[in-house]
Amino acid sequence: MAIGYVISCWLLLQVADLAFDIIGTPDWAIRSIAAILALGFPVVLFFSWAYELTPEGIKRESEVGPAESISHVTGRRLDKVIIPVLLAAVAFLVVDKYLLDDRSAPASNAVPNASVTTPSAKPAHETTSIAVLPFTNMSSDPDQEYFSDGMAEELLNALSKLQNLQVAARTSSFAFKGQNLNITDIGNTLNVNTVLEGSVRKSGNRLRITAQLIDVANGYHLWSETYDRELSDIFAIQDELTAAIVDALKVHLNVDEAVKPATIIDNWEAYDAYLKGLHAVRKRTNESVAEAIAYFELAVSLEPTFAAALAQQAQAVLLSGANRYTPLEEAKERGKQLLARALNQNPELAEAYAARGLLAMLNKDCEKALPDFEKSRSLNPGLIEALHWNSLCLTRLGRLQESAQLAQRAHQLDPLHPSVFTTLSDFNLSYGMVVELNLDAIQRNFPERSKEIRIKTLRAQGEWAEALALCASLTDPELMLRCKLDSKAQLAEEDRMLLDRLKASNERDAQSLYLWNLVVFNHIAEAEQHLTGLTDSDLTLTSHDAWLSTIKYRGGSLAEAESLLTQSAGGDVISPGYPNRLNSRVNQVINLADVLQQRGQTESAEANLSKARNAIDAFKRSGARAGYQWSEARLSILEGHPAAAVRLLKDASENGQLVWHSFSCPIINRLSEDPEFVAVKAKLYEHINAEREKLGWAPVAVGNQSN
């Protein structure tokens with residue numbers, strides 16, 4: 001009877017615990033049942049000893065003679081009951097270990113109950129690092145996902161502020177959401193030695209949060225805990241969780257740093273709206289950014305002193321303007337006001353300084369943006385936005401080595417961040433610099449983005465036919481369209497049908513790409529006519545006036561070009577970043593110098609040539625090995641050094657930095673009688689025709705395109 005009772009009680013408690021966990025019953029309920037069953041144990045033992053079951057019913061043992069006793073029969077019957085109950089218990093253990101555990105807790109390869117076995121501490125010199133995976137939403141309502149994501153993200157932000165702890169950034173950590181992957185594989189991909197995972201169940205005003213810290217090397221739990229709290233205690237839970245994690249890291253990984261408490265507000269509804277805003281803004285679409293702004297506005301209306309919501313609202317507003325979802329000037333003014341309020345409430349808010357740096361970038365003042373980015377990084381070393389935007393600013397200022405270091409740091413913290421990956425790949429492809437990239441991780445998690453990089457690489461290597469073939473494997477129809485047009489343009493092939501599709505596209509940078517194709521194929525009048533129906537909000541590569549200045553310059557309207565170029569290329573200091581792109585102020589300054597020379601304004605032309613020379617020289621000193629040759633060749637021609645220009649063009653051609661439409665520039669065309677230049681041009685066209693032959697296209701004659 002004792003054995004049967006213990007096994008039955010254990011099985012009953014396991015089933016009750018699972019059922020109560022699903023319906024959100026508080027912990028005291030299961031503890032009450034356990035207490036009742038424990039109290040029943042001595043009672044059951046006493047009755048099994050004092051009484052006996054007979055054919056006439058239950059009698060006191062003293063009243064049953066030896067001849068009347070059937071205890072041996074009752075014992076066998078009890079054995080038959082105990083055996084199936086025991087089998088049921090074993091079956092439950094198997095189901096709980098291999099099936100229920102996957103559904104009731106985040107997936108991992110951690111060894112069950114391994115927290116009792118403590119691995120040895122890591123050497124102090126090893127980098128202590130952690131990834132916070134998205135918490136599993138265990139609530140019955142799938143719409144509560146924003147809350148479980150928000151909890152994980154708030155923990156990640158708190159940990160990332162610790163100076164001696166490397167925290168994998170959100171984009172990379174959350175890339176594993178919904179994937180039942182091995183913790184060791186996740187840790188190796190993110191380059192961390194510990195992983196935090198957990199789950200959140202929200203039912204009414206009650207929360208149950210479970211969290212466990214796992215050693216990537218061996219899968220052992222370093223620490224685990226379950227919290228049952230009221231929603232009003234949400235900030236205390238965050239502080240408690242963060243402190244517990246750091247305490248575990250102190251013991252196992254030699255981290256010893258105080259944790260700053262979370263910014264507490266008393267208004268739960270405001271915080272809930274804030275989490276919904278964070279969930280929406282991460283999607284980065286027009287609709288989701290607008291939705292995020294509305295949620296942040298609600299949070300601020302409910303709690304006007306909520307600095308974090310003000311900063312996030314400002315960032316969302318600025319992103320909306322930067323992406324042309326809303327008028328840029330309106331977005332900048334609104335963002336400025338919100339940031340002033342946020343910093344007034346919390347002068348130590350890293351996100352606010354990062355957003356203020358973004359505002360300066362949108363005002364084309366990277367020098368002003370740098371102190372804000374540095375302040376943001378000092379407050380939160382793991383804030384990827386600050387690192388990435390800081391890197392972009394340094395590139396625009398021509399400080400490539402510093403920019404590459406920051407981009408590399410951002411890539412270490414967020415190896416699956418697609419924008420950071422693209423920025424780093426630009427150092428390799430556009431500037432001839434060598435930086436390390438986690439290509440395998442990108443290919444596994446972002447196959448489309450890795451194809452884009454592969455296509456760019458093939459183009460840089462002159463493998464244009466293969467690049468065009470790879471375009472067909474892209475799944476995004478708009479991306480495929482742009483890819484095909486770009487690749488065909490490299491091969492001197494104008495596809496009017498694809499251009500018409502691009503012209504009718506609503507995709508963000510479609511109109512800019514359409515104009516670019518018209519310009520390189522020398523359809524100047526058509527480009528100007530199309531531009532008249534566009535505004536700055538329709539264009540992404542550069543502004544309306546910058547496009548118009550280029551079109552007027554290419555079309556020979558020198559007086560109008562001078563006026564427009566003077567406005568767009570003015571100022572004493574210009575950025576050497578991206579000198580080979582159409583929207584670069586370096587090339588606009590060179591165009592302006594050419595116009596001024598042709599119109600006899602020698603002194604002004606010389607001043608602009610000097611400005612362009614200083615910018616390009618600074619760009620080369622900063623570490624660039626490519627990306628400047630075409631611009632410097634144009635500059636050399638205007639400076640009266642055609643031989644130097646030919647050498648630069650030859651070098652660019654041999655390194656994959658020169659394409660046929662490079663020769664359509666009015667300045668470059670002045671070399672048309674130079675034998676060495678003719679040889680460079682002929683060799684390039686020979687390669688173009690070899691690539692065209694791979695595609696079954698007819699060859700093109702040198703200089704026989706529509707331009």
# chains A, B, ... in the order shown; residues from 1 in each chain; ligands from 1
call {"tool": "residues_around", "arguments": {"residues": "Thr535 of chain A", "least_positions_apart": "5", "cutoff": "12 Å", "atoms": "only C-alpha atoms", "output": "PyMOL selection string"}}
result
chain A and resi 324+327-328+511-512+530+540+542-548
call {"tool": "residues_around", "arguments": {"residues": "segment 622-628 of chain A", "least_positions_apart": "4", "cutoff": "8 Å", "atoms": "only C-alpha atoms", "output": "list in words"}}
result
Gly398, Arg399, Leu400, Gln401, Ser430, Tyr431, Gly432, Met433, Tyr578, Pro579, Asn580, Ile616, Ala618, Glu632, Ala652 and Gln657 of chain A
call {"tool": "residues_around", "arguments": {"residues": "Lys336 of chain A", "least_positions_apart": "4", "cutoff": "8 Å", "atoms": "only C-alpha atoms", "output": "MDAnalysis selection string"}}
result
chainID A and resid 314 332 340 356 359
call {"tool": "write_last_selection", "arguments": {"atoms": "all heavy atoms", "output": "tab-separated table (two decimals), in the first residue's frame"}}
result
chain	number	residue	atom	x	y	z
A	314	ALA	N	11.30	59.21	-31.42
A	314	ALA	CA	12.15	60.09	-32.23
A	314	ALA	C	12.88	59.29	-33.30
A	314	ALA	O	12.93	59.70	-34.47
A	314	ALA	CB	13.15	60.82	-31.34
A	332	LYS	N	12.57	65.53	-39.43
A	332	LYS	CA	13.73	66.02	-38.69
A	332	LYS	C	13.32	66.99	-37.58
A	332	LYS	O	13.84	66.93	-36.47
A	332	LYS	CB	14.72	66.70	-39.65
A	332	LYS	CG	15.43	65.72	-40.57
A	332	LYS	CD	16.61	66.34	-41.29
A	332	LYS	CE	16.19	67.42	-42.26
A	332	LYS	NZ	17.33	67.92	-43.06
A	340	ALA	N	14.88	66.30	-27.55
A	340	ALA	CA	15.11	67.29	-26.50
A	340	ALA	C	14.33	66.90	-25.24
A	340	ALA	O	14.85	66.99	-24.11
A	340	ALA	CB	14.69	68.67	-26.99
A	356	ARG	N	20.03	61.20	-31.92
A	356	ARG	CA	20.45	62.58	-32.21
A	356	ARG	C	21.61	62.59	-33.21
A	356	ARG	O	21.72	63.50	-34.04
A	356	ARG	CB	20.84	63.30	-30.92
A	356	ARG	CG	20.86	64.82	-31.09
A	356	ARG	CD	20.93	65.54	-29.77
A	356	ARG	NE	22.24	65.45	-29.14
A	356	ARG	CZ	22.58	66.08	-28.02
A	356	ARG	NH1	21.68	66.83	-27.40
A	356	ARG	NH2	23.78	65.97	-27.50
A	359	LEU	N	20.03	62.19	-36.53
A	359	LEU	CA	19.48	63.48	-36.97
A	359	LEU	C	20.56	64.34	-37.62
A	359	LEU	O	20.34	64.94	-38.68
A	359	LEU	CB	18.86	64.21	-35.77
A	359	LEU	CG	18.36	65.63	-36.03
A	359	LEU	CD1	17.26	65.65	-37.09
A	359	LEU	CD2	17.85	66.26	-34.72
call {"tool": "residues_around", "arguments": {"residues": "Gly357 of chain A", "least_positions_apart": "3", "cutoff": "10 Å", "atoms": "only C-alpha atoms", "output": "ChimeraX atom specification"}}
result
/A:351-354,360-363,365-376,386,389-390,393
call {"tool": "select_by_dssp", "arguments": {"residues": "segment 366-424 of chain A", "states": "alpha helix (DSSP H)", "output": "PyMOL selection string"}}
result
chain A and resi 366-379+384-396+400-413+418-424
call {"tool": "residues_around", "arguments": {"residues": "segment 679-684 of chain A", "least_positions_apart": "3", "cutoff": "10 Å", "atoms": "only C-alpha atoms", "output": "PyMOL selection string"}}
result
chain A and resi 462+646-647+649-651+653-654+656+658-660+662-663+672+674-676+687-690+701-703
